[in-house]
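Novice: Here you go, my_file-v2.txt (compact mmCIF, N, CA, C and O atoms):
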```txt
# COMPACT_ATOMS: atom_id res chain seq x y z
N MET A 1 -62.97 -76.46 106.36
CA MET A 1 -63.83 -75.55 105.64
C MET A 1 -65.29 -75.93 105.93
O MET A 1 -65.58 -77.05 106.29
N THR A 2 -66.18 -74.97 105.73
CA THR A 2 -67.60 -75.18 105.99
C THR A 2 -68.43 -74.54 104.89
O THR A 2 -67.94 -73.75 104.10
N TYR A 3 -69.68 -74.89 104.88
CA TYR A 3 -70.64 -74.22 104.01
C TYR A 3 -71.42 -73.23 104.85
O TYR A 3 -71.50 -73.37 106.08
N VAL A 4 -71.97 -72.22 104.19
CA VAL A 4 -72.61 -71.10 104.87
C VAL A 4 -73.94 -70.77 104.20
O VAL A 4 -74.02 -70.75 102.97
N VAL A 5 -74.95 -70.51 105.02
CA VAL A 5 -76.23 -70.05 104.50
C VAL A 5 -76.21 -68.53 104.52
O VAL A 5 -75.84 -67.92 105.54
N VAL A 6 -76.59 -67.90 103.40
CA VAL A 6 -76.54 -66.45 103.29
C VAL A 6 -77.95 -65.85 103.17
O VAL A 6 -78.95 -66.56 103.25
N GLU A 7 -77.98 -64.57 102.95
CA GLU A 7 -79.19 -63.75 103.01
C GLU A 7 -80.38 -64.24 102.19
O GLU A 7 -81.52 -64.06 102.60
N SER A 8 -80.15 -64.85 101.05
CA SER A 8 -81.29 -65.23 100.21
C SER A 8 -82.19 -66.28 100.87
O SER A 8 -83.32 -66.47 100.44
N CYS A 9 -81.74 -66.90 101.95
CA CYS A 9 -82.58 -67.85 102.68
C CYS A 9 -83.60 -67.15 103.58
O CYS A 9 -84.63 -67.73 103.92
N ILE A 10 -83.33 -65.93 103.97
CA ILE A 10 -84.22 -65.21 104.88
C ILE A 10 -85.60 -65.08 104.25
O ILE A 10 -85.74 -64.65 103.11
N ARG A 11 -86.61 -65.49 105.00
CA ARG A 11 -88.02 -65.48 104.60
C ARG A 11 -88.33 -66.51 103.52
O ARG A 11 -89.47 -66.61 103.08
N CYS A 12 -87.36 -67.26 103.08
CA CYS A 12 -87.60 -68.36 102.15
C CYS A 12 -87.54 -69.68 102.92
O CYS A 12 -88.42 -70.51 102.80
N LYS A 13 -86.50 -69.88 103.68
CA LYS A 13 -86.30 -71.04 104.55
C LYS A 13 -86.81 -72.34 103.94
O LYS A 13 -87.62 -73.06 104.51
N LEU A 14 -86.32 -72.64 102.76
CA LEU A 14 -86.64 -73.90 102.10
C LEU A 14 -85.72 -74.97 102.70
O LEU A 14 -84.53 -74.74 102.87
N THR A 15 -86.26 -76.10 103.02
CA THR A 15 -85.49 -77.10 103.76
C THR A 15 -85.05 -78.29 102.92
O THR A 15 -84.72 -79.34 103.46
N ASP A 16 -85.01 -78.13 101.63
CA ASP A 16 -84.55 -79.20 100.74
C ASP A 16 -83.15 -79.65 101.12
O ASP A 16 -82.81 -80.83 101.03
N CYS A 17 -82.33 -78.72 101.55
CA CYS A 17 -80.92 -78.97 101.88
C CYS A 17 -80.73 -79.87 103.08
O CYS A 17 -79.77 -80.63 103.15
N VAL A 18 -81.62 -79.81 104.06
CA VAL A 18 -81.39 -80.55 105.30
C VAL A 18 -81.52 -82.06 105.11
O VAL A 18 -80.87 -82.82 105.82
N GLU A 19 -82.32 -82.48 104.17
CA GLU A 19 -82.53 -83.91 103.94
C GLU A 19 -81.27 -84.62 103.44
O GLU A 19 -81.08 -85.79 103.70
N VAL A 20 -80.42 -83.90 102.73
CA VAL A 20 -79.23 -84.54 102.16
C VAL A 20 -78.01 -84.44 103.07
O VAL A 20 -77.00 -85.07 102.79
N CYS A 21 -78.11 -83.70 104.14
CA CYS A 21 -76.96 -83.51 105.03
C CYS A 21 -76.69 -84.78 105.84
O CYS A 21 -77.54 -85.21 106.63
N PRO A 22 -75.50 -85.36 105.69
CA PRO A 22 -75.21 -86.61 106.41
C PRO A 22 -74.85 -86.42 107.89
O PRO A 22 -74.80 -87.39 108.63
N VAL A 23 -74.63 -85.18 108.31
CA VAL A 23 -74.22 -84.95 109.70
C VAL A 23 -75.18 -84.04 110.47
O VAL A 23 -74.88 -83.64 111.59
N ASP A 24 -76.31 -83.71 109.91
CA ASP A 24 -77.31 -82.87 110.60
C ASP A 24 -76.70 -81.58 111.14
O ASP A 24 -76.80 -81.27 112.32
N CYS A 25 -76.06 -80.81 110.26
CA CYS A 25 -75.42 -79.58 110.70
C CYS A 25 -76.30 -78.34 110.52
O CYS A 25 -75.90 -77.25 110.86
N PHE A 26 -77.53 -78.52 110.01
CA PHE A 26 -78.43 -77.38 109.84
C PHE A 26 -79.20 -77.11 111.13
O PHE A 26 -79.59 -78.04 111.84
N HIS A 27 -79.39 -75.82 111.38
CA HIS A 27 -80.17 -75.38 112.53
C HIS A 27 -81.26 -74.45 112.02
O HIS A 27 -81.03 -73.68 111.09
N GLU A 28 -82.43 -74.51 112.67
CA GLU A 28 -83.59 -73.77 112.18
C GLU A 28 -84.00 -72.66 113.12
O GLU A 28 -84.19 -72.87 114.32
N GLY A 29 -84.16 -71.47 112.54
CA GLY A 29 -84.72 -70.34 113.25
C GLY A 29 -86.11 -70.07 112.71
O GLY A 29 -86.62 -70.81 111.86
N PRO A 30 -86.74 -69.01 113.16
CA PRO A 30 -88.10 -68.71 112.73
C PRO A 30 -88.26 -68.52 111.22
O PRO A 30 -89.28 -68.94 110.66
N ASN A 31 -87.28 -67.89 110.56
CA ASN A 31 -87.43 -67.66 109.12
C ASN A 31 -86.11 -67.77 108.36
O ASN A 31 -85.92 -67.17 107.31
N PHE A 32 -85.20 -68.59 108.88
CA PHE A 32 -83.85 -68.70 108.30
C PHE A 32 -83.22 -70.00 108.80
O PHE A 32 -83.54 -70.48 109.88
N LEU A 33 -82.33 -70.57 107.99
CA LEU A 33 -81.54 -71.73 108.39
C LEU A 33 -80.08 -71.31 108.50
O LEU A 33 -79.65 -70.39 107.80
N VAL A 34 -79.33 -71.99 109.34
CA VAL A 34 -77.89 -71.78 109.42
C VAL A 34 -77.19 -73.13 109.45
O VAL A 34 -77.80 -74.16 109.75
N ILE A 35 -75.90 -73.11 109.14
CA ILE A 35 -75.06 -74.29 109.19
C ILE A 35 -74.07 -74.15 110.33
O ILE A 35 -73.39 -73.11 110.44
N ASP A 36 -73.98 -75.18 111.16
CA ASP A 36 -73.01 -75.18 112.25
C ASP A 36 -71.63 -75.47 111.65
O ASP A 36 -71.39 -76.57 111.14
N PRO A 37 -70.71 -74.51 111.72
CA PRO A 37 -69.40 -74.72 111.12
C PRO A 37 -68.58 -75.81 111.81
O PRO A 37 -67.66 -76.38 111.21
N GLU A 38 -68.91 -76.13 113.04
CA GLU A 38 -68.20 -77.19 113.76
C GLU A 38 -68.66 -78.58 113.33
O GLU A 38 -67.93 -79.55 113.49
N GLU A 39 -69.87 -78.68 112.82
CA GLU A 39 -70.43 -79.97 112.41
C GLU A 39 -70.31 -80.23 110.91
O GLU A 39 -70.25 -81.38 110.48
N CYS A 40 -70.28 -79.19 110.11
CA CYS A 40 -70.22 -79.32 108.65
C CYS A 40 -68.95 -80.06 108.24
O CYS A 40 -67.85 -79.72 108.69
N ILE A 41 -69.10 -81.06 107.38
CA ILE A 41 -67.94 -81.84 106.92
C ILE A 41 -67.55 -81.49 105.49
O ILE A 41 -66.78 -82.21 104.86
N ASP A 42 -68.10 -80.40 104.98
CA ASP A 42 -67.70 -79.90 103.66
C ASP A 42 -67.98 -80.92 102.55
O ASP A 42 -67.21 -81.07 101.62
N CYS A 43 -69.11 -81.60 102.65
CA CYS A 43 -69.43 -82.62 101.66
C CYS A 43 -70.04 -82.04 100.38
O CYS A 43 -70.08 -82.71 99.36
N SER A 44 -70.56 -80.83 100.45
CA SER A 44 -71.15 -80.08 99.34
C SER A 44 -72.49 -80.61 98.85
O SER A 44 -73.02 -80.13 97.84
N LEU A 45 -73.09 -81.56 99.54
CA LEU A 45 -74.37 -82.11 99.09
C LEU A 45 -75.51 -81.10 99.17
O LEU A 45 -76.44 -81.14 98.38
N CYS A 46 -75.44 -80.20 100.12
CA CYS A 46 -76.54 -79.25 100.34
C CYS A 46 -76.61 -78.15 99.28
O CYS A 46 -77.69 -77.71 98.91
N GLU A 47 -75.48 -77.71 98.83
CA GLU A 47 -75.42 -76.55 97.93
C GLU A 47 -76.33 -76.67 96.70
O GLU A 47 -77.12 -75.77 96.43
N PRO A 48 -76.28 -77.76 95.94
CA PRO A 48 -77.14 -77.84 94.75
C PRO A 48 -78.62 -78.05 95.07
O PRO A 48 -79.47 -77.86 94.20
N GLU A 49 -78.93 -78.39 96.31
CA GLU A 49 -80.32 -78.63 96.69
C GLU A 49 -81.10 -77.35 96.98
O GLU A 49 -82.32 -77.36 97.02
N CYS A 50 -80.40 -76.25 97.20
CA CYS A 50 -81.06 -75.00 97.58
C CYS A 50 -81.69 -74.31 96.37
O CYS A 50 -80.97 -73.85 95.48
N PRO A 51 -83.02 -74.18 96.34
CA PRO A 51 -83.69 -73.55 95.21
C PRO A 51 -83.44 -72.04 95.06
O PRO A 51 -83.72 -71.48 94.01
N VAL A 52 -82.91 -71.40 96.12
CA VAL A 52 -82.67 -69.95 96.05
C VAL A 52 -81.19 -69.61 96.11
O VAL A 52 -80.81 -68.46 96.33
N ASN A 53 -80.33 -70.59 95.90
CA ASN A 53 -78.87 -70.38 95.88
C ASN A 53 -78.37 -69.64 97.12
O ASN A 53 -77.64 -68.66 97.01
N ALA A 54 -78.78 -70.13 98.28
CA ALA A 54 -78.42 -69.48 99.54
C ALA A 54 -77.25 -70.16 100.26
O ALA A 54 -76.90 -69.76 101.35
N ILE A 55 -76.65 -71.17 99.66
CA ILE A 55 -75.58 -71.91 100.33
C ILE A 55 -74.30 -71.81 99.51
O ILE A 55 -74.30 -72.07 98.31
N TYR A 56 -73.23 -71.42 100.21
CA TYR A 56 -71.91 -71.26 99.57
C TYR A 56 -70.84 -71.94 100.41
O TYR A 56 -70.94 -71.98 101.64
N SER A 57 -69.81 -72.41 99.74
CA SER A 57 -68.61 -72.82 100.44
C SER A 57 -68.02 -71.55 101.06
O SER A 57 -68.10 -70.47 100.46
N GLU A 58 -67.44 -71.66 102.25
CA GLU A 58 -66.96 -70.45 102.93
C GLU A 58 -65.95 -69.66 102.11
O GLU A 58 -65.87 -68.44 102.24
N ASP A 59 -65.20 -70.32 101.25
CA ASP A 59 -64.23 -69.57 100.44
C ASP A 59 -64.84 -68.98 99.17
O ASP A 59 -64.16 -68.30 98.42
N GLU A 60 -66.15 -69.21 98.96
CA GLU A 60 -66.83 -68.64 97.80
C GLU A 60 -67.97 -67.70 98.17
O GLU A 60 -68.71 -67.25 97.31
N VAL A 61 -68.10 -67.40 99.45
CA VAL A 61 -69.15 -66.48 99.90
C VAL A 61 -68.89 -65.12 99.28
O VAL A 61 -67.78 -64.59 99.38
N PRO A 62 -69.91 -64.53 98.65
CA PRO A 62 -69.72 -63.19 98.08
C PRO A 62 -69.28 -62.19 99.16
O PRO A 62 -69.65 -62.31 100.33
N GLU A 63 -68.47 -61.24 98.77
CA GLU A 63 -67.90 -60.29 99.71
C GLU A 63 -68.97 -59.61 100.57
O GLU A 63 -68.80 -59.45 101.78
N ASP A 64 -70.09 -59.24 99.96
CA ASP A 64 -71.15 -58.54 100.71
C ASP A 64 -71.95 -59.47 101.62
O ASP A 64 -72.86 -59.02 102.32
N GLN A 65 -71.61 -60.76 101.62
CA GLN A 65 -72.31 -61.74 102.46
C GLN A 65 -71.38 -62.38 103.50
O GLN A 65 -71.79 -63.27 104.23
N LYS A 66 -70.15 -61.91 103.59
CA LYS A 66 -69.16 -62.51 104.50
C LYS A 66 -69.60 -62.50 105.96
O LYS A 66 -69.23 -63.38 106.73
N HIS A 67 -70.39 -61.51 106.35
CA HIS A 67 -70.84 -61.44 107.74
C HIS A 67 -71.73 -62.63 108.13
O HIS A 67 -71.93 -62.92 109.29
N PHE A 68 -72.21 -63.38 107.13
CA PHE A 68 -73.02 -64.56 107.41
C PHE A 68 -72.19 -65.72 107.93
O PHE A 68 -72.73 -66.64 108.54
N LEU A 69 -70.88 -65.70 107.73
CA LEU A 69 -70.01 -66.71 108.34
C LEU A 69 -70.15 -66.66 109.86
O LEU A 69 -70.39 -67.67 110.52
N GLU A 70 -70.03 -65.48 110.41
CA GLU A 70 -70.15 -65.29 111.85
C GLU A 70 -71.58 -65.52 112.33
O GLU A 70 -71.80 -66.12 113.38
N LEU A 71 -72.54 -65.07 111.55
CA LEU A 71 -73.94 -65.22 111.92
C LEU A 71 -74.34 -66.70 111.97
O LEU A 71 -75.04 -67.13 112.89
N ASN A 72 -73.89 -67.51 111.02
CA ASN A 72 -74.17 -68.95 111.05
C ASN A 72 -73.59 -69.58 112.30
O ASN A 72 -74.26 -70.36 112.98
N ALA A 73 -72.35 -69.24 112.62
CA ALA A 73 -71.70 -69.80 113.81
C ALA A 73 -72.46 -69.40 115.08
O ALA A 73 -72.72 -70.24 115.95
N GLU A 74 -72.82 -68.14 115.17
CA GLU A 74 -73.51 -67.64 116.36
C GLU A 74 -74.88 -68.29 116.55
O GLU A 74 -75.19 -68.80 117.62
N LEU A 75 -75.70 -68.28 115.50
CA LEU A 75 -77.07 -68.78 115.64
C LEU A 75 -77.13 -70.30 115.76
O LEU A 75 -78.06 -70.83 116.39
N SER A 76 -76.16 -71.00 115.21
CA SER A 76 -76.18 -72.46 115.32
C SER A 76 -75.94 -72.92 116.76
O SER A 76 -76.26 -74.06 117.11
N GLU A 77 -75.43 -72.04 117.59
CA GLU A 77 -75.22 -72.38 119.01
C GLU A 77 -76.53 -72.43 119.80
O GLU A 77 -76.59 -73.10 120.83
N THR A 78 -77.55 -71.72 119.33
CA THR A 78 -78.79 -71.66 120.11
C THR A 78 -80.01 -72.23 119.38
O THR A 78 -80.96 -72.65 120.03
N TRP A 79 -80.00 -72.22 118.06
CA TRP A 79 -81.15 -72.74 117.33
C TRP A 79 -81.11 -74.27 117.28
O TRP A 79 -80.02 -74.85 117.25
N PRO A 80 -82.28 -74.92 117.26
CA PRO A 80 -82.32 -76.39 117.23
C PRO A 80 -81.91 -76.97 115.87
O PRO A 80 -82.08 -76.33 114.83
N VAL A 81 -81.39 -78.18 115.91
CA VAL A 81 -81.02 -78.91 114.70
C VAL A 81 -82.30 -79.26 113.93
O VAL A 81 -83.33 -79.58 114.53
N ILE A 82 -82.22 -79.18 112.62
CA ILE A 82 -83.30 -79.63 111.75
C ILE A 82 -82.71 -80.68 110.81
O ILE A 82 -81.66 -80.46 110.21
N ALA A 83 -83.37 -81.84 110.72
CA ALA A 83 -82.83 -82.93 109.91
C ALA A 83 -83.82 -83.44 108.87
O ALA A 83 -83.47 -84.30 108.07
N GLU A 84 -85.04 -82.93 108.90
CA GLU A 84 -86.04 -83.38 107.94
C GLU A 84 -86.66 -82.20 107.21
O GLU A 84 -86.86 -81.13 107.79
N MET A 85 -86.96 -82.42 105.95
CA MET A 85 -87.57 -81.38 105.13
C MET A 85 -88.97 -81.05 105.65
O MET A 85 -89.69 -81.93 106.10
N LYS A 86 -89.29 -79.78 105.61
CA LYS A 86 -90.60 -79.29 106.00
C LYS A 86 -91.27 -78.63 104.79
O LYS A 86 -90.58 -78.30 103.82
N PRO A 87 -92.57 -78.42 104.85
CA PRO A 87 -93.22 -77.72 103.73
C PRO A 87 -92.62 -76.33 103.53
O PRO A 87 -92.23 -75.67 104.50
N HIS A 88 -92.56 -75.89 102.30
CA HIS A 88 -92.04 -74.56 102.00
C HIS A 88 -92.97 -73.49 102.56
O HIS A 88 -94.19 -73.68 102.57
N PRO A 89 -92.42 -72.36 103.00
CA PRO A 89 -93.28 -71.25 103.44
C PRO A 89 -94.18 -70.83 102.26
O PRO A 89 -93.75 -70.84 101.11
N GLU A 90 -95.41 -70.49 102.57
CA GLU A 90 -96.36 -70.15 101.51
C GLU A 90 -95.92 -68.98 100.65
O GLU A 90 -96.20 -68.93 99.46
N ASP A 91 -95.23 -68.02 101.24
CA ASP A 91 -94.87 -66.80 100.50
C ASP A 91 -93.41 -66.78 100.03
O ASP A 91 -92.89 -65.75 99.65
N TRP A 92 -92.74 -67.93 100.02
CA TRP A 92 -91.31 -67.96 99.69
C TRP A 92 -91.01 -67.40 98.31
O TRP A 92 -90.01 -66.73 98.12
N GLU A 93 -91.89 -67.64 97.35
CA GLU A 93 -91.62 -67.16 95.99
C GLU A 93 -91.68 -65.64 95.90
O GLU A 93 -91.00 -65.04 95.07
N GLU A 94 -92.45 -65.01 96.77
CA GLU A 94 -92.51 -63.55 96.80
C GLU A 94 -91.19 -62.97 97.33
O GLU A 94 -90.84 -61.84 97.01
N TRP A 95 -90.47 -63.72 98.14
CA TRP A 95 -89.25 -63.26 98.80
C TRP A 95 -87.96 -63.70 98.12
O TRP A 95 -86.90 -63.17 98.39
N LYS A 96 -88.04 -64.67 97.22
CA LYS A 96 -86.81 -65.30 96.70
C LYS A 96 -85.87 -64.36 95.97
O LYS A 96 -84.66 -64.56 96.00
N ASP A 97 -86.37 -63.32 95.31
CA ASP A 97 -85.50 -62.42 94.55
C ASP A 97 -85.25 -61.09 95.24
O ASP A 97 -84.58 -60.21 94.70
N ILE A 98 -85.77 -60.92 96.44
CA ILE A 98 -85.58 -59.68 97.18
C ILE A 98 -84.18 -59.65 97.78
O ILE A 98 -83.70 -60.63 98.34
N LYS A 99 -83.52 -58.53 97.65
CA LYS A 99 -82.17 -58.33 98.20
C LYS A 99 -82.25 -57.56 99.51
O LYS A 99 -83.28 -56.97 99.84
N ASP A 100 -81.17 -57.52 100.24
CA ASP A 100 -81.07 -56.77 101.50
C ASP A 100 -82.19 -57.14 102.48
O ASP A 100 -82.96 -56.30 102.93
N LYS A 101 -82.25 -58.42 102.84
CA LYS A 101 -83.30 -58.91 103.73
C LYS A 101 -82.87 -59.10 105.18
O LYS A 101 -83.65 -59.56 105.99
N LEU A 102 -81.65 -58.72 105.51
CA LEU A 102 -81.15 -58.96 106.85
C LEU A 102 -82.06 -58.38 107.93
O LEU A 102 -82.25 -58.98 108.98
N GLN A 103 -82.67 -57.24 107.68
CA GLN A 103 -83.56 -56.63 108.67
C GLN A 103 -84.80 -57.48 108.94
O GLN A 103 -85.49 -57.27 109.93
N HIS A 104 -85.08 -58.46 108.08
CA HIS A 104 -86.24 -59.34 108.25
C HIS A 104 -85.90 -60.62 109.00
O HIS A 104 -86.78 -61.45 109.26
N LEU A 105 -84.62 -60.82 109.34
CA LEU A 105 -84.20 -62.02 110.06
C LEU A 105 -84.79 -62.00 111.46
O LEU A 105 -84.62 -61.03 112.21
N LYS A 106 -85.48 -63.08 111.81
CA LYS A 106 -86.03 -63.23 113.17
C LYS A 106 -85.12 -64.16 113.94
O LYS A 106 -84.79 -65.23 113.47
N ARG A 107 -84.74 -63.72 115.10
CA ARG A 107 -83.88 -64.54 115.95
C ARG A 107 -84.72 -65.27 116.95
O ARG A 107 -84.40 -66.11 117.64
```
Show this structure as structure tokens.

Specialist:
Amino acid sequence: MTYVVVESCIRCKLTDCVEVCPVDCFHEGPNFLVIDPEECIDCSLCEPECPVNAIYSEDEVPEDQKHFLELNAELSETWPVIAEMKPHPEDWEEWKDIKDKLQHLKR
């Protein structure tokens, strides 16, 4: 099993989660993070660290967010690993409660 980053991370990209990951399974894109399902060891340390509740166990991903399972796998193949926390985006609080942000994902 793996953990998955879903839509609420788009344009928020808070990196609190990456610091606690013991296997460096997070990958960073321009405005979104993903988890490499091949590297994730299902430790659950990242989930409570996310301030915008963007991380789910794969068996708990909301039905309308299931496509993020495939998206995490795909993007983790090309995006670089991130292992250290970075400053929060300046406008993250403006984006944290916005729904349907997939069109804002930058690859």

Novice: Using atom O of Thr2 (chain A) and atom N of Pro51 (chain A) as the two end points, give the distance in Å to one decimal.

Specialist: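 Between atom O of Thr2 (chain A) and atom N of Pro51 (chain A) the gap works out to 17.0 Å.
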
Novice: Would you please extract all strand (DSSP E or B) residues from chain A, as assigned by DSSP on the backbone, and give them as a ChimeraX atom specification?

Specialist: /A:3-5,26-28,33-35,55-57,81

Novice: Counting only N, CA, C and O atoms, what is within 8 Å of Phe68 (chain A), bar same-chain residues fewer than 6 positions away, as an MDAnalysis selection string?

Specialist: chainID A and resid 3:7 33:35 62 74:75

Novice: Can you write out the residues you just picked, keeping N, CA, C and O atoms, as an mmCIF file, in the frame of the given file?

Specialist:
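Contents of the output file out20.cif:
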```
data_model
loop_
_atom_site.group_PDB
_atom_site.id
_atom_site.type_symbol
_atom_site.label_atom_id
_atom_site.label_comp_id
_atom_site.auth_asym_id
_atom_site.auth_seq_id
_atom_site.Cartn_x
_atom_site.Cartn_y
_atom_site.Cartn_z
ATOM 1 N N TYR A 3 -69.680 -74.890 104.880
ATOM 2 C CA TYR A 3 -70.640 -74.220 104.010
ATOM 3 C C TYR A 3 -71.420 -73.230 104.850
ATOM 4 O O TYR A 3 -71.500 -73.370 106.080
ATOM 5 N N VAL A 4 -71.970 -72.220 104.190
ATOM 6 C CA VAL A 4 -72.610 -71.100 104.870
ATOM 7 C C VAL A 4 -73.940 -70.770 104.200
ATOM 8 O O VAL A 4 -74.020 -70.750 102.970
ATOM 9 N N VAL A 5 -74.950 -70.510 105.020
ATOM 10 C CA VAL A 5 -76.230 -70.050 104.500
ATOM 11 C C VAL A 5 -76.210 -68.530 104.520
ATOM 12 O O VAL A 5 -75.840 -67.920 105.540
ATOM 13 N N VAL A 6 -76.590 -67.900 103.400
ATOM 14 C CA VAL A 6 -76.540 -66.450 103.290
ATOM 15 C C VAL A 6 -77.950 -65.850 103.170
ATOM 16 O O VAL A 6 -78.950 -66.560 103.250
ATOM 17 N N GLU A 7 -77.980 -64.570 102.950
ATOM 18 C CA GLU A 7 -79.190 -63.750 103.010
ATOM 19 C C GLU A 7 -80.380 -64.240 102.190
ATOM 20 O O GLU A 7 -81.520 -64.060 102.600
ATOM 21 N N LEU A 33 -82.330 -70.570 107.990
ATOM 22 C CA LEU A 33 -81.540 -71.730 108.390
ATOM 23 C C LEU A 33 -80.080 -71.310 108.500
ATOM 24 O O LEU A 33 -79.650 -70.390 107.800
ATOM 25 N N VAL A 34 -79.330 -71.990 109.340
ATOM 26 C CA VAL A 34 -77.890 -71.780 109.420
ATOM 27 C C VAL A 34 -77.190 -73.130 109.450
ATOM 28 O O VAL A 34 -77.800 -74.160 109.750
ATOM 29 N N ILE A 35 -75.900 -73.110 109.140
ATOM 30 C CA ILE A 35 -75.060 -74.290 109.190
ATOM 31 C C ILE A 35 -74.070 -74.150 110.330
ATOM 32 O O ILE A 35 -73.390 -73.110 110.440
ATOM 33 N N PRO A 62 -69.910 -64.530 98.650
ATOM 34 C CA PRO A 62 -69.720 -63.190 98.080
ATOM 35 C C PRO A 62 -69.280 -62.190 99.160
ATOM 36 O O PRO A 62 -69.650 -62.310 100.330
ATOM 37 N N GLU A 74 -72.820 -68.140 115.170
ATOM 38 C CA GLU A 74 -73.510 -67.640 116.360
ATOM 39 C C GLU A 74 -74.880 -68.290 116.550
ATOM 40 O O GLU A 74 -75.190 -68.800 117.620
ATOM 41 N N LEU A 75 -75.700 -68.280 115.500
ATOM 42 C CA LEU A 75 -77.070 -68.780 115.640
ATOM 43 C C LEU A 75 -77.130 -70.300 115.760
ATOM 44 O O LEU A 75 -78.060 -70.830 116.390
#
```

Novice: Could you tell me how far atom O of Cys25 (chain A) lies from CA of Ala83 (chain A), in Å and to one decimal?

Specialist: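 Result for atom O of Cys25 (chain A) versus CA of Ala83 (chain A): 9.0 Å, one decimal.
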
Novice: Need to verify the contact set: Cys21 (chain A), 8 Å, only C-alpha atoms, exclusion of same-chain residues closer than 5 positions in sequence. Can you return it as a list in words?

Specialist: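 So, after excluding close chain neighbours, the residues are Phe26, Leu45, Cys46 and Ala83 of chain A.
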
Novice: Which is closer to Asp91 (chain A) than all the others in A:Met1, A:Ile10, A:Val61, A:Cys40, using only C-alpha atoms?

Specialist: A:Ile10

Novice: Just the residues within 7 Å of Pro87 (chain A), please, counting only N, CA, C and O atoms, with nothing from its chain fewer than 6 positions along; format it as a VMD selection string.

Specialist: chain A and resid 12 to 15
